[in-house]
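S.K.: Once you've had a glance at the structure underneath, I'll fire off some questions.
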Amino acid sequence: MRPRQWIKNGLIVVAPAAAGTLLHHDVARHTAIAFLAFCLVASALYVLNDLRDVEADREHPTKRYRAIASGQLHTPVAVSAAAVLLVAGFLLPFAIPRPQDLFLVLGLYVAISLSYIFWLKTIAIIELGTVASGYFLRAYAGAASSHIFVSTWFLVVISFGALFLVVGKRDSELKTVGAGTTRKVLAEYTSNFLDSALTLCATVVVTGYCLWAFDTSATGLSSNHDAALPVRLSVVPVVFAVLFILRSVEAGNGAAPEDLVLHDRTVQVLLVLWAALLALGVYQ
């Protein structure tokens, strides 16, 4: 179930937090339900992915310790658990009014993830976008659960930010593990290509975030110049975080997003600073 990766579902909080509505009772409840639904559904898909990749995982230096690859969890139990988790995840949205939008996001996430597990993970470039779409759908689920409007720049930042993290992880894997049996699609990439893709994504992320932060119509702070200042200053930790990740990837140390948040002190400090500036601007 990989509970340590549930931290990715924290993206669900971003849209209502940026909109200034997260502290509203109904929004907070809807956001929590969406978070739990994604935890359950994602866990079901992690189990299915591990069943599909069991042989390759046994050749990986760390993935071979996963429950299915190591033989601790038997296939019938894993399949049953995945089915229960998936059903439970799709039952939760019934607890919110007008759950259709959240159902749609969850349905898209499952459809794309299954396509990735059984087919798309072997197709270069497409597999990058497929993995990145999971981050985007998580962020959009926070808006869908409470029917919150999100700006175009927000969607741009989330989309390319997700792609930035995925490309960075692939680049580090290529430099450290190599194009072996653990992830066959790595043989389709070169370090030069992934470095160029990483620079492209980083450029769009920083540009998009600056446009969002300085566009008062997008942030909803057009009538409050004092509140707009902290949001604009939040550009600083975003730029430094992007530069730090670029440096880490170049050194072959580009970790998974959950590892960056859980273990890297620099990223943690930048994340807290960004959240504090955003909260100061939106909620004062």
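We label chains A, B, ... in the order they appear in the structure tokens, count residues from 1 in each chain, and number ligands from 1 in the order shown.
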Which residues are close to Cys39 in chain A, i.e. within 10 Å by only C-alpha atoms, leaving aside same-chain residues fewer than 5 positions away? Reply as a PyMOL selection string.

M.R.: chain A and resi 1-3+5-9+33-34+44+85-86+89

S.K.: List the spatial neighbours of His25 in chain A as a list in words - criterion: any atom at most 12 Å away, only C-alpha atoms, same-chain residues fewer than 6 positions off excluded.

M.R.: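 Counting only the stated atoms, we get Pro16, Thr31, Ala32 and Ser146 of chain A.
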
S.K.: Could you work out how far CA of Leu92 in chain A lies from CA of Leu36 in chain A, giving the answer in Å with one decimal?

M.R.: 7.9 Å

S.K.: So which one's closest to Leu165 in chain A, A:Asp259, A:Asp215, A:Asp101, A:Asp264? Using only C-alpha atoms, please.

M.R.: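 Between A:Asp259, A:Asp215, A:Asp101, A:Asp264, the residue approaching Leu165 in chain A most closely is A:Asp259.
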
S.K.: Please identify all polymer residues within 8 Å of range 188-197 of chain A, counting only C-alpha atoms, omitting same-chain residues fewer than 4 positions from it, and present them as a short mmCIF file (atom, residue, chain, number, x, y, z; two decimals) with N, CA, C and O atoms, in the first residue's frame.

M.R.:
```cif
data_model
loop_
_atom_site.label_atom_id
_atom_site.label_comp_id
_atom_site.auth_asym_id
_atom_site.auth_seq_id
_atom_site.Cartn_x
_atom_site.Cartn_y
_atom_site.Cartn_z
N ALA A 124 8.46 5.28 -24.23
CA ALA A 124 9.21 6.48 -23.85
C ALA A 124 8.39 7.74 -24.06
O ALA A 124 7.54 7.80 -24.95
N VAL A 167 10.68 13.53 -14.55
CA VAL A 167 11.88 13.52 -15.40
C VAL A 167 13.13 13.49 -14.52
O VAL A 167 14.10 12.78 -14.83
N GLY A 168 13.12 14.26 -13.43
CA GLY A 168 14.26 14.26 -12.53
C GLY A 168 14.53 12.89 -11.92
O GLY A 168 15.68 12.45 -11.81
N ARG A 170 13.71 9.97 -13.29
CA ARG A 170 14.22 9.10 -14.37
C ARG A 170 15.69 9.40 -14.64
O ARG A 170 16.50 8.50 -14.86
N ASP A 171 16.04 10.68 -14.64
CA ASP A 171 17.43 11.08 -14.90
C ASP A 171 18.35 10.48 -13.84
O ASP A 171 19.43 9.94 -14.15
N LEU A 174 18.70 6.70 -14.32
CA LEU A 174 19.59 6.37 -15.44
C LEU A 174 21.05 6.51 -15.03
O LEU A 174 21.90 5.71 -15.43
N LYS A 175 21.35 7.52 -14.21
CA LYS A 175 22.73 7.76 -13.81
C LYS A 175 23.21 6.80 -12.72
O LYS A 175 24.42 6.51 -12.64
N CYS A 201 11.11 21.84 -18.33
CA CYS A 201 10.05 21.80 -17.32
C CYS A 201 10.30 22.83 -16.22
O CYS A 201 9.37 23.51 -15.77
#
```

S.K.: Write out as a PyMOL selection string all residues of range 3-180 of chain A that backbone DSSP assigns to helix (DSSP H, G or I).

M.R.: chain A and resi 3-18+25-52+54-57+63-65+75-95+100-118+120-122+126-146+152-176

S.K.: How far is it from CA of Phe94 in chain A to CA of Ala18 in chain A, in Å with one decimal?

M.R.: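 Computing it gives 25.1 Å between the two atoms.
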
S.K.: Within 10 Å of Val131 in chain A, counting only C-alpha atoms, which residues show up once you throw out same-chain ones fewer than 3 positions away? Write them as a PyMOL selection string, please.

M.R.: chain A and resi 112-113+116+120-121+126-128+134-136+162-163+165-167

S.K.: Restricted to C-alpha atoms, what would the selected residues look like written as a short mmCIF file (atom, residue, chain, number, x, y, z; two decimals), in the first residue's frame?

M.R.:
```cif
data_model
loop_
_atom_site.label_atom_id
_atom_site.label_comp_id
_atom_site.auth_asym_id
_atom_site.auth_seq_id
_atom_site.Cartn_x
_atom_site.Cartn_y
_atom_site.Cartn_z
CA ILE A 112 -4.62 6.19 -16.74
CA SER A 113 -2.84 4.24 -13.99
CA TYR A 116 0.43 2.67 -17.36
CA LEU A 120 2.22 2.67 -21.27
CA LYS A 121 5.17 2.22 -18.88
CA ILE A 126 4.34 8.86 -22.92
CA GLU A 127 5.21 7.11 -19.67
CA LEU A 128 6.59 10.39 -18.29
CA GLY A 134 -1.22 11.32 -11.36
CA TYR A 135 0.17 14.39 -9.58
CA PHE A 136 -1.99 16.71 -11.66
CA ALA A 162 4.75 17.07 -11.88
CA LEU A 163 6.61 16.41 -15.13
CA LEU A 165 9.73 15.66 -10.70
CA VAL A 166 9.15 12.60 -12.90
CA VAL A 167 11.88 13.52 -15.40
#
```

S.K.: Considering only C-alpha atoms, state which residue in the set A:Leu102, A:Ala132, A:Val110, A:Ala95 is at the smallest distance from Ser43 in chain A.

M.R.: A:Val110

S.K.: Choose the residue, out of A:Ala67, A:Leu91, A:Ala279, A:Leu260, that has the smallest atom-to-atom separation from Pro230 in chain A; count only C-alpha atoms.

M.R.: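 Ranking A:Ala67, A:Leu91, A:Ala279, A:Leu260 by distance to Pro230 in chain A, first place goes to A:Ala279.
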
S.K.: With only C-alpha atoms as the counted atoms, please give the residues lying no more than 9 Å from Gly10 in chain A, apart from itself and same-chain residues fewer than 5 positions off, as a ChimeraX atom specification.

M.R.: /A:35,138-139

S.K.: For the residues selected in the previous step, produce a file with N, CA and C atoms as a short mmCIF file (atom, residue, chain, number, x, y, z; two decimals), in the first residue's frame.

M.R.:
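The result, stored in out_21.cif:
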```
data_model
loop_
_atom_site.label_atom_id
_atom_site.label_comp_id
_atom_site.auth_asym_id
_atom_site.auth_seq_id
_atom_site.Cartn_x
_atom_site.Cartn_y
_atom_site.Cartn_z
N PHE A 35 -8.80 13.25 0.05
CA PHE A 35 -7.49 12.74 0.44
C PHE A 35 -7.57 11.25 0.76
N ARG A 138 -4.32 14.57 -8.67
CA ARG A 138 -4.42 14.75 -7.22
C ARG A 138 -4.68 16.23 -6.89
N ALA A 139 -3.92 17.12 -7.52
CA ALA A 139 -4.10 18.55 -7.26
C ALA A 139 -5.49 19.01 -7.70
#
```
